[in-house]
2 protein chains.
Amino acid sequence: MAKLCVVGLGPGDYDDMTVRADRALRDCDAIIGYHVYVDLVKDRYPDKKTLTTPMTKETDRCRMALEAARNGENVALVCSGDSGIYGMAALVYELRGEAKEPEIEIIPGLTAACSGAALLGAPLTHDFAVVSLSDRLTAWETIEKRLEAAAAADLSIVLYNPASRGRPDHLRRACEILLRSLPAERPCGIARSIGRAGESRDLLTLGELKDAQVDMFCTVFIGNASTRVVGDRLVTSRGYRDV
Amino acid sequence: MAKLCVVGLGPGDYDDMTVRADRALRDCDAIIGYHVYVDLVKDRYPDKKTLTTPMTKETDRCRMALEAARNGENVALVCSGDSGIYGMAALVYELRGEAKEPEIEIIPGLTAACSGAALLGAPLTHDFAVVSLSDRLTAWETIEKRLEAAAAADLSIVLYNPASRGRPDHLRRACEILLRSLPAERPCGIARSIGRAGESRDLLTLGELKDAQVDMFCTVFIGNASTRVVGDRLVTSRGYRDV
């Protein structure tokens with residue numbers, strides 16, 4: 001019986017894939033995914049059949065992957081970053097429901113919280129929250145409440161999907177909410193195009209972040225009370241007392 | 001000039017290391033770390049010098065790594081999971097301070113939020129908080145406040161360090177706090193010894209979690225309002241409306 005692997009590719013560079021993800025792509029018959037992610041990997045696995053769907057067609061994509069596995073193909077359904085965090089793993093399980101087949105294997109990958117933090121320094125040494133600013137499937141009021149709660153509890157915050165063509169001002173609105181309780185001097189960072197052409201990092205304050213230009217290839221980090229800039233890196237102290 | 005790589009090993013299995021982490025270990029002169037993590041990898045890189053320190057000696061470990069790099073050795077300072085999330089990356093930057101040398105490279109790895117979620121199913125499809133229950137460096141009142149805030153904002157929650165020899169009842173205390181605002185039927189999961197001998201998963205309710213036996217090799221997941229059990233997996237729905 002064929003298997004459906006839901007594969008987290010990591011940020012984009014081959015070097016940041018896991019050994020298990022690489023093996024799943026080498027061993028599969030078909031690579032299925034959003035066309036941008038399939039394009040990232042297909043040259044490395046040239047003998048594989050590829051099937052792609054547009055951006056918002058997540059359900060079609062997962063159905064296509066389940067169907068191919070039921071028809072006897074070993075499938076790698078690829079996701080950018082992790083396969084679980086804002087990825088396709090849940091939808092695949094939901095669509096399979098209580099059936100036992102096809103077999104599903106979730107292969108985790110480096111999510112942008114990990115890879116973006118490494119690019120910026122070490123902003124996630126302590127407790128943190130991950131919040132997506134996309135309101136395509138979540139009410140903006142819920143997002144707002146989560147930002148307020150994270151700030152009030154002194155969690156570092158990672159913002160996924162800080163902007164897209166349809167929502168250019170979400171980061172500004174998020175910063176306005178955070179600035180109600182956090183100081184404008186709070187150190188923040190933007191990780192851009194992690195592991196891909198044009199990779200770069202910006203360190204800036206929360207006050208500056210409000211007016212920063214971001215796009216869908218950015219991940220944004222907001223420090224907690226223990227975060228500071230050391231050299232040219234964003235660093236959150238764990239609190240070792242003998243430093 | 002030699003380089004200090006701070007390497008996230010992922011959960012423990014070689015297959016879950018990234019290509020970049022594997023290369024750093026192959027290319028280094030010395031592997032430095034907590035002895036349990038050095039033992040996990042040393043057989044695969046037998047020609048490397050190894051230097052280990054006991055569990056609570058984080059500052060000594062990072063100083064040793066910086067010193068070795070200053071003396072011309074290429075060093076891999078290894079961390080379990082990610083090198084940033086509750087890892088050594090921040091401390092290395094803090095100890096180097098404003099100096100430019102040695103060069104530091106942070107190599108991220110799969111943190112238990114990603115690898116444990118994959119083992120349990122897909123509990124982190126939507127916004128979440130990561131909170132450590134260790135009060136060695138954090139006041140228990142702060143931990144309590146973070147748990148309350150995460151529950152109130154309907155974030156899924158990942159608990160690191162749910163117990164250890166010195167704090168056997170922290171998970172019970174955390175669950176009591178969460179049960180003030182969350183239902184006892186809320187689906188939860190425990191990922192044990194991810195990627196190592198004895199790997200296993202438990203699905204249980206928040207009410208049951210309160211009395212569960214956990215140790216320092218467990219990572220605990222508490223679902224949000226969209227989390228349910230599908231088949232034998234813990235799944236948080238992203239909210240695609242056409243499922």
# chains A, B, ... in the order shown; residues from 1 in each chain; ligands from 1

call {"tool": "closest_atom_pairs", "arguments": {"of": "chain B", "to": "chain A", "cutoff": "7 Å", "atoms": "only C-alpha atoms", "output": "JSON lines"}}
result
{"residue": "B:Asp15", "atom": "CA", "partner": "A:Val19", "partner_atom": "CA", "distance": 4.8}
{"residue": "B:Asp16", "atom": "CA", "partner": "A:Thr18", "partner_atom": "CA", "distance": 5.4}
{"residue": "B:Met17", "atom": "CA", "partner": "A:Thr18", "partner_atom": "CA", "distance": 5.2}
{"residue": "B:Thr18", "atom": "CA", "partner": "A:Thr18", "partner_atom": "CA", "distance": 3.9}
{"residue": "B:Val19", "atom": "CA", "partner": "A:Asp15", "partner_atom": "CA", "distance": 4.8}
{"residue": "B:Arg20", "atom": "CA", "partner": "A:Asp15", "partner_atom": "CA", "distance": 4.9}
{"residue": "B:Thr59", "atom": "CA", "partner": "A:Val243", "partner_atom": "CA", "distance": 7.0}
{"residue": "B:Gly84", "atom": "CA", "partner": "A:Ala122", "partner_atom": "CA", "distance": 5.4}
{"residue": "B:Ile85", "atom": "CA", "partner": "A:Thr125", "partner_atom": "CA", "distance": 4.7}
{"residue": "B:Tyr86", "atom": "CA", "partner": "A:Thr125", "partner_atom": "CA", "distance": 4.6}
{"residue": "B:Gly87", "atom": "CA", "partner": "A:Thr125", "partner_atom": "CA", "distance": 6.3}
{"residue": "B:Ala89", "atom": "CA", "partner": "A:Ala122", "partner_atom": "CA", "distance": 5.8}
{"residue": "B:Ala90", "atom": "CA", "partner": "A:Ala122", "partner_atom": "CA", "distance": 5.0}
{"residue": "B:Tyr93", "atom": "CA", "partner": "A:Val230", "partner_atom": "CA", "distance": 6.9}
{"residue": "B:Glu94", "atom": "CA", "partner": "A:Val230", "partner_atom": "CA", "distance": 6.8}
{"residue": "B:Leu95", "atom": "CA", "partner": "A:Val243", "partner_atom": "CA", "distance": 6.8}
{"residue": "B:Gly97", "atom": "CA", "partner": "A:Val230", "partner_atom": "CA", "distance": 6.2}
{"residue": "B:Glu98", "atom": "CA", "partner": "A:Gly231", "partner_atom": "CA", "distance": 4.9}
{"residue": "B:Ile106", "atom": "CA", "partner": "A:Ala118", "partner_atom": "CA", "distance": 5.4}
{"residue": "B:Ile107", "atom": "CA", "partner": "A:Ala118", "partner_atom": "CA", "distance": 6.6}
{"residue": "B:Pro108", "atom": "CA", "partner": "A:Ser115", "partner_atom": "CA", "distance": 5.9}
{"residue": "B:Gly109", "atom": "CA", "partner": "A:Leu110", "partner_atom": "CA", "distance": 6.7}
{"residue": "B:Leu110", "atom": "CA", "partner": "A:Leu110", "partner_atom": "CA", "distance": 5.8}
{"residue": "B:Cys114", "atom": "CA", "partner": "A:Pro108", "partner_atom": "CA", "distance": 6.0}
{"residue": "B:Ser115", "atom": "CA", "partner": "A:Pro108", "partner_atom": "CA", "distance": 5.9}
{"residue": "B:Ala118", "atom": "CA", "partner": "A:Ile106", "partner_atom": "CA", "distance": 5.3}
{"residue": "B:Ala122", "atom": "CA", "partner": "A:Ala90", "partner_atom": "CA", "distance": 5.0}
{"residue": "B:Leu124", "atom": "CA", "partner": "A:Ile85", "partner_atom": "CA", "distance": 5.2}
{"residue": "B:Thr125", "atom": "CA", "partner": "A:Tyr86", "partner_atom": "CA", "distance": 4.6}
{"residue": "B:His126", "atom": "CA", "partner": "A:Tyr86", "partner_atom": "CA", "distance": 5.8}
{"residue": "B:Asp127", "atom": "CA", "partner": "A:Val131", "partner_atom": "CA", "distance": 4.8}
{"residue": "B:Phe128", "atom": "CA", "partner": "A:Val130", "partner_atom": "CA", "distance": 5.4}
{"residue": "B:Ala129", "atom": "CA", "partner": "A:Ala129", "partner_atom": "CA", "distance": 4.1}
{"residue": "B:Val130", "atom": "CA", "partner": "A:Phe128", "partner_atom": "CA", "distance": 5.4}
{"residue": "B:Val131", "atom": "CA", "partner": "A:Asp127", "partner_atom": "CA", "distance": 4.8}
{"residue": "B:Ser132", "atom": "CA", "partner": "A:Asp127", "partner_atom": "CA", "distance": 6.5}
{"residue": "B:Leu137", "atom": "CA", "partner": "A:Gly239", "partner_atom": "CA", "distance": 6.0}
{"residue": "B:Lys145", "atom": "CA", "partner": "A:Ala153", "partner_atom": "CA", "distance": 6.0}
{"residue": "B:Arg146", "atom": "CA", "partner": "A:Ala153", "partner_atom": "CA", "distance": 5.0}
{"residue": "B:Ala149", "atom": "CA", "partner": "A:Ala149", "partner_atom": "CA", "distance": 5.2}
{"residue": "B:Ala150", "atom": "CA", "partner": "A:Ala149", "partner_atom": "CA", "distance": 6.8}
{"residue": "B:Ala153", "atom": "CA", "partner": "A:Arg146", "partner_atom": "CA", "distance": 5.1}
{"residue": "B:Val230", "atom": "CA", "partner": "A:Gly97", "partner_atom": "CA", "distance": 6.2}
{"residue": "B:Gly231", "atom": "CA", "partner": "A:Glu98", "partner_atom": "CA", "distance": 4.9}
{"residue": "B:Val235", "atom": "CA", "partner": "A:Ala90", "partner_atom": "CA", "distance": 5.5}
{"residue": "B:Thr236", "atom": "CA", "partner": "A:Ala90", "partner_atom": "CA", "distance": 6.3}
{"residue": "B:Ser237", "atom": "CA", "partner": "A:Ala90", "partner_atom": "CA", "distance": 6.2}
{"residue": "B:Gly239", "atom": "CA", "partner": "A:Leu137", "partner_atom": "CA", "distance": 6.0}
{"residue": "B:Tyr240", "atom": "CA", "partner": "A:Leu137", "partner_atom": "CA", "distance": 6.9}
{"residue": "B:Val243", "atom": "CA", "partner": "A:Leu95", "partner_atom": "CA", "distance": 6.8}

call {"tool": "select_by_dssp", "arguments": {"residues": "stretch 40-210 of chain B", "states": "strand (DSSP E)", "output": "PyMOL selection string"}}
result
chain B and resi 49-53+75-79+103-107+121-122+128-132+156-160+187-192+200-205

call {"tool": "closest_residue", "arguments": {"among": "A:Gly198, A:Pro168, A:Pro162, A:Gly223", "to": "A:Glu185", "atoms": "only C-alpha atoms"}}
result
A:Gly223

call {"tool": "residues_around", "arguments": {"residues": "B:Leu25", "least_positions_apart": "6", "cutoff": "10 Å", "atoms": "only C-alpha atoms", "output": "JSON, numbers by chain"}}
result
{"B": [5, 7, 9, 31, 41, 42, 44, 45, 48, 74, 75, 76, 77, 78]}

call {"tool": "closest_residue", "arguments": {"among": "B:Leu206, B:Val214, B:Cys188, B:Val36", "to": "B:Arg167", "atoms": "only C-alpha atoms"}}
result
B:Val214
